[in-house]
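What follows is one structure encoded as structure tokens, with my remarks underneath.
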Amino acid sequence: MSGLSRRRWLQALALGAAAPPPRLAGAAPEPERPGSPAAPETCPETRLALHDFEPRSMLRTSESRVESARFPVIDVHAHLSGEVRRQDGAAEPDVILRGEPGSLLEAMDRRNVRTIVNLTGGTGDGLRRVLAGFDEAHPGRFLTATVPSYELLEEPRYPQLQADSIQEAAAAGARGLKILKTLGLYLRDAGGKLVAVDDPRFDPMWETCGGLGLPVFIHVADPAAFFLPADRFNERYEELAENPDWSFHGGDFPSREQLLEARNRVVARHPRTRFVGLHVGNNPEDLEWVSGCLDRYPNLDVEIGARIAELGRQPRGARRFFDRHRERILFGSDVVTDEPAAAAERYAARWAITFRFLETEDEYFPYWTGRVPSQGRWHIYGLGLSDEILRSVYHDNAARLLGLPG
């Protein structure tokens with residue numbers, strides 16, 4: 001029964017009790033009764049663009065505001081700087097700042113965030129500028145990681161040159177190495193072929209990190225939906241429509257499974273190096289698979305940056321995951337902005353939502369702060385983690401990994 005016919009049917013039922021007896025054949029029609037509603041013959045046609053659709057839940061549920069984390073936090077996934085190509089054509093990239101230390105410190109104190117790890121500190125002179133402006137100017141509050149020097153890839157001595165670059169970065173004060181999804185999805189050799197995550201040219205780099213005690217924060221692959229056609233069945237269609245270059249479906253891109261398997265081969269090949277699989281090991285859609293990786297590779301940890309949208313829609317499985325791997329999960333935010341003045345409040349907003357997700361048992365609340373969902377059209381549920389697990393995830397696991405005081 002269509003909505004219109006159902007309405008007429010219900011209206012007829014409502015009016016039936018007061019209706020007069022049936023008219024006899026040939027009787028004159030009765031005049032219209034004052035006040036009787038006339039059902040529309042047609043339903044007004046409504047067309048609403050999906051981007052303009054902003055449904056508001058009718059559920060009445062608890063709404064907690066968690067302004068400050070229950071325990072001190074180490075955020076291991078931040079982007080306070082980034083490399084860009086220099087205009088003068090020099091090989092070494094330049095570094096731009098994506099945050100202001102003063103406003104960030106105020107937001108950190110407000111939210112009980114003790115330390116931020118800036119993963120994209122750059123290399124060479126750029127790295128040294130970032131270290132001076134953040135780590136050295138505010139000891140203990142900011143830590144900075146370096147990144148590979150891919151511009152040297154075609155050099156015959158690249159493996160050793162890259163290992164030497166890591167040594168120099170560590171001597172300057174870098175506390176880790178960040179691998180962006182550039183490796184595996186964008187980086188190509190001189191012949192135009194994609195460079196694999198487990199390319200043996202990087203083996204000296206991984207080994208150097210292990211010898212220096214530098215954790216490798218590694219991002220390979222992307223959400224599962226990004227490797228599927230951007231059609232009506234794709235749960236992240238809006239995001240892909242807005243950012244079509246985020247799609248890795250088709251072309252010569254490796255499959256998501258191939259990227260993750262290559263990452264795992266690297267982890268297995270370098271057991272003395274500590275790896276952190278960012279974004280819940282880059283597979284939050286399959287926590288059993290991630291759990292198996294943590295069981296299989298004792299030198300692998302994971303962090304949760306920008307993936308509470310996935311974790312929060314499977315709260316029972318996610319809570320079991322946190323309980324089982326409470327000493328292998330790290331806190332991260334993964335905020336990226338090109339407006340340094342706005343960075344502090346963006347971090348503060350992301351932290352507050354993540355605290356609510358981890359600490360409360362609130363039901364069906366938004367994981368985003370903007371007008372429309374940033375990833376997919378669903379809400380999330382809080383995990384209500386125990387104090388023991390919260391201490392580990394918020395602080396202790398990262399402090400142990402980075403050699404920080406308790």
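Order determines the names: the first chain of the structure tokens is A, the second B, and so forth; residues in each chain are numbered 1 upward, and ligands are numbered 1 upward as they are shown.
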
> Quick one: residues within 8 Å of segment 282-291 of chain A, only C-alpha atoms counted, chain neighbours fewer than 5 positions away excluded, as a list in words?
Replying inline: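 Contacts, in chain order: His219, Val220, Ala221, Asp222, Pro223, Ala224, Leu260, Gly277, Arg307, Glu310, Leu311, Gly317, Ala318, Phe321 and His325 of chain A.
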
Mind dumping the selected residues with C-alpha atoms as a JSON list (two decimals), in the first residue's frame?
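For reference, result_33.json as written:
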[["chain", "number", "residue", "atom", "x", "y", "z"],
["A", 219, "HIS", "CA", 50.03, 3.78, 6.85],
["A", 220, "VAL", "CA", 49.37, 1.53, 3.88],
["A", 221, "ALA", "CA", 46.13, 1.03, 1.97],
["A", 222, "ASP", "CA", 43.02, 3.03, 2.91],
["A", 223, "PRO", "CA", 39.36, 2.32, 3.80],
["A", 224, "ALA", "CA", 37.99, -0.77, 2.09],
["A", 260, "LEU", "CA", 48.40, -5.19, 3.68],
["A", 277, "GLY", "CA", 49.87, 0.08, 12.09],
["A", 307, "ARG", "CA", 38.74, 5.43, 12.71],
["A", 310, "GLU", "CA", 34.42, 2.26, 12.01],
["A", 311, "LEU", "CA", 35.03, 1.08, 15.57],
["A", 317, "GLY", "CA", 33.41, -6.40, 18.72],
["A", 318, "ALA", "CA", 35.47, -3.27, 19.30],
["A", 321, "PHE", "CA", 39.27, -6.03, 20.65],
["A", 325, "HIS", "CA", 44.84, -6.15, 22.99]]

> Neighbours of segment 371-384 of chain A within 7 Å (only C-alpha atoms; same-chain residues fewer than 3 positions away dropped), as a PyMOL selection string?
Replying inline: chain A and resi 54+235-236+239+309+312-313+315+319+356-368

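Counting from atom CA of Arg157 of chain A, the distance to atom CA of Asp189 of chain A is 14.8 Å.
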
>> Can you pull out the residues contacting Ala132 of chain A? Cut-off 12 Å, using only C-alpha atoms, and skip same-chain residues under 5 positions away; I want them as a ChimeraX atom specification.
In response: /A:101,121,125-127,137-139,142-144,172-174

>> When DSSP is applied to the backbone of this structure, which of segment 40-129 of chain A are assigned alpha helix (DSSP H)? Write them out as a ChimeraX atom specification.
In response: /A:101-111,124-129

> Taking into account only C-alpha atoms, which residue in the set A:Arg141, A:Lys193, A:His279, A:Arg65 is nearest to Pro254 of chain A?
Replying inline: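 With only C-alpha atoms as the atom set, the closest residue is A:Lys193.
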
>> If I take atom CA of Ala170 of chain A and atom CA of Leu294 of chain A, how far is one from the other in Å, to one decimal?
In response: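 So the two atoms, atom CA of Ala170 of chain A and atom CA of Leu294 of chain A, lie 27.1 Å apart.
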
>> With distances taken over only C-alpha atoms, which residue among A:Arg98, A:Arg47, A:Arg316, A:His79 lies nearest Ala145 of chain A?
In response: A:His79

>> Write out as a list in words the set of residues from segment 142-200 of chain A that DSSP, computed on the backbone, places in strand (DSSP E or B).
In response: Phe142, Leu143, Thr144, Thr146, Leu177, Lys178, Ile179, Arg188 and Leu194 of chain A

Prev. selection, N, CA and C atoms, output as an mmCIF file, in the first residue's frame:
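And here's again03.cif as it stands now:
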data_model
loop_
_atom_site.group_PDB
_atom_site.id
_atom_site.type_symbol
_atom_site.label_atom_id
_atom_site.label_comp_id
_atom_site.auth_asym_id
_atom_site.auth_seq_id
_atom_site.Cartn_x
_atom_site.Cartn_y
_atom_site.Cartn_z
ATOM 1 N N PHE A 142 55.865 18.041 22.812
ATOM 2 C CA PHE A 142 55.833 17.681 21.396
ATOM 3 C C PHE A 142 57.006 16.757 21.077
ATOM 4 N N LEU A 143 56.735 15.730 20.305
ATOM 5 C CA LEU A 143 57.761 14.855 19.763
ATOM 6 C C LEU A 143 57.560 14.811 18.253
ATOM 7 N N THR A 144 58.639 14.662 17.505
ATOM 8 C CA THR A 144 58.553 14.750 16.054
ATOM 9 C C THR A 144 59.200 13.539 15.395
ATOM 10 N N THR A 146 60.469 11.712 11.606
ATOM 11 C CA THR A 146 60.965 12.038 10.272
ATOM 12 C C THR A 146 60.222 11.200 9.237
ATOM 13 N N LEU A 177 59.730 7.207 12.671
ATOM 14 C CA LEU A 177 59.661 7.312 11.220
ATOM 15 C C LEU A 177 58.215 7.138 10.792
ATOM 16 N N LYS A 178 57.734 8.044 9.937
ATOM 17 C CA LYS A 178 56.360 7.949 9.431
ATOM 18 C C LYS A 178 56.380 7.500 7.975
ATOM 19 N N ILE A 179 55.611 6.456 7.674
ATOM 20 C CA ILE A 179 55.430 5.993 6.306
ATOM 21 C C ILE A 179 54.008 6.343 5.882
ATOM 22 N N ARG A 188 56.418 6.082 -7.577
ATOM 23 C CA ARG A 188 56.769 5.312 -8.769
ATOM 24 C C ARG A 188 58.244 5.480 -9.092
ATOM 25 N N LEU A 194 54.766 1.445 -9.889
ATOM 26 C CA LEU A 194 54.572 1.671 -8.456
ATOM 27 C C LEU A 194 55.615 0.914 -7.648
#

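Distances from A:Ala343, A:Ala69, A:Val393, A:Ile74 to Arg326 of chain A were compared using only C-alpha atoms, and the smallest one belongs to A:Val393.
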
> What does the distance between atom CA of Met205 of chain A and atom CA of Thr273 of chain A come to in Å, to one decimal place?
Replying inline: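 Taking atom CA of Met205 of chain A and atom CA of Thr273 of chain A, their separation equals 10.2 Å.
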
> Pick from A:Ile116, A:Ala196, A:Ala225, A:Leu161: nearest to Arg263 of chain A, with only C-alpha atoms counted?
Replying inline: A:Ala196

As a short mmCIF file (atom, residue, chain, number, x, y, z; two decimals) with C-alpha atoms, in the first residue's frame, please: the residues near Ala306 of chain A (cut-off 7 Å, only C-alpha atoms, same-chain neighbours under 2 positions excluded).
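Ended up saving to selection10.cif:
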data_model
loop_
_atom_site.label_atom_id
_atom_site.label_comp_id
_atom_site.auth_asym_id
_atom_site.auth_seq_id
_atom_site.Cartn_x
_atom_site.Cartn_y
_atom_site.Cartn_z
CA HIS A 279 44.24 3.55 11.57
CA ILE A 304 42.97 4.40 16.36
CA ILE A 308 36.22 5.71 15.54
CA SER A 333 43.69 11.79 16.39
CA ASP A 334 45.01 12.34 12.83
#

>> So that I can check the surroundings of Leu180 of chain A, please list as a VMD selection string every protein, DNA and RNA residue that reaches within 10 Å of it, counting only C-alpha atoms and ignoring chain neighbours fewer than 3 positions away.
In response: chain A and resid 119 to 120 147 to 148 177 183 to 186 217 to 221 278

For the residues in the current selection, export N, CA and C atoms as a short mmCIF file (atom, residue, chain, number, x, y, z; two decimals), in the first residue's frame.
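Below you can see selection00.cif, which holds the result:
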data_model
loop_
_atom_site.label_atom_id
_atom_site.label_comp_id
_atom_site.auth_asym_id
_atom_site.auth_seq_id
_atom_site.Cartn_x
_atom_site.Cartn_y
_atom_site.Cartn_z
N LEU A 119 53.92 13.39 13.33
CA LEU A 119 54.50 12.34 12.50
C LEU A 119 55.17 12.84 11.24
N THR A 120 54.81 14.02 10.77
CA THR A 120 55.33 14.49 9.49
C THR A 120 56.27 15.68 9.69
N VAL A 147 60.52 11.44 7.97
CA VAL A 147 59.91 10.70 6.86
C VAL A 147 61.02 10.26 5.90
N PRO A 148 60.76 9.28 5.03
CA PRO A 148 61.80 8.85 4.08
C PRO A 148 62.13 9.94 3.06
N LEU A 177 59.73 7.21 12.67
CA LEU A 177 59.66 7.31 11.22
C LEU A 177 58.21 7.14 10.79
N LEU A 183 53.90 5.38 -0.22
CA LEU A 183 54.55 4.12 -0.54
C LEU A 183 53.48 3.05 -0.78
N GLY A 184 53.48 2.52 -1.99
CA GLY A 184 52.50 1.50 -2.34
C GLY A 184 51.40 2.00 -3.25
N LEU A 185 51.05 3.30 -3.13
CA LEU A 185 49.93 3.82 -3.91
C LEU A 185 50.30 4.99 -4.82
N TYR A 186 51.39 5.70 -4.53
CA TYR A 186 51.75 6.87 -5.33
C TYR A 186 53.18 6.84 -5.83
N PHE A 217 55.79 4.34 12.23
CA PHE A 217 54.35 4.57 12.17
C PHE A 217 53.96 4.44 10.69
N ILE A 218 53.28 3.35 10.36
CA ILE A 218 53.09 3.00 8.96
C ILE A 218 51.62 3.01 8.54
N HIS A 219 51.36 3.71 7.44
CA HIS A 219 50.03 3.78 6.85
C HIS A 219 50.12 3.21 5.44
N VAL A 220 49.50 2.07 5.22
CA VAL A 220 49.37 1.53 3.88
C VAL A 220 47.89 1.27 3.63
N ALA A 221 47.54 1.23 2.35
CA ALA A 221 46.13 1.03 1.97
C ALA A 221 45.28 2.20 2.47
N LEU A 278 48.96 2.27 11.65
CA LEU A 278 48.03 3.37 11.87
C LEU A 278 46.62 3.01 11.42
#
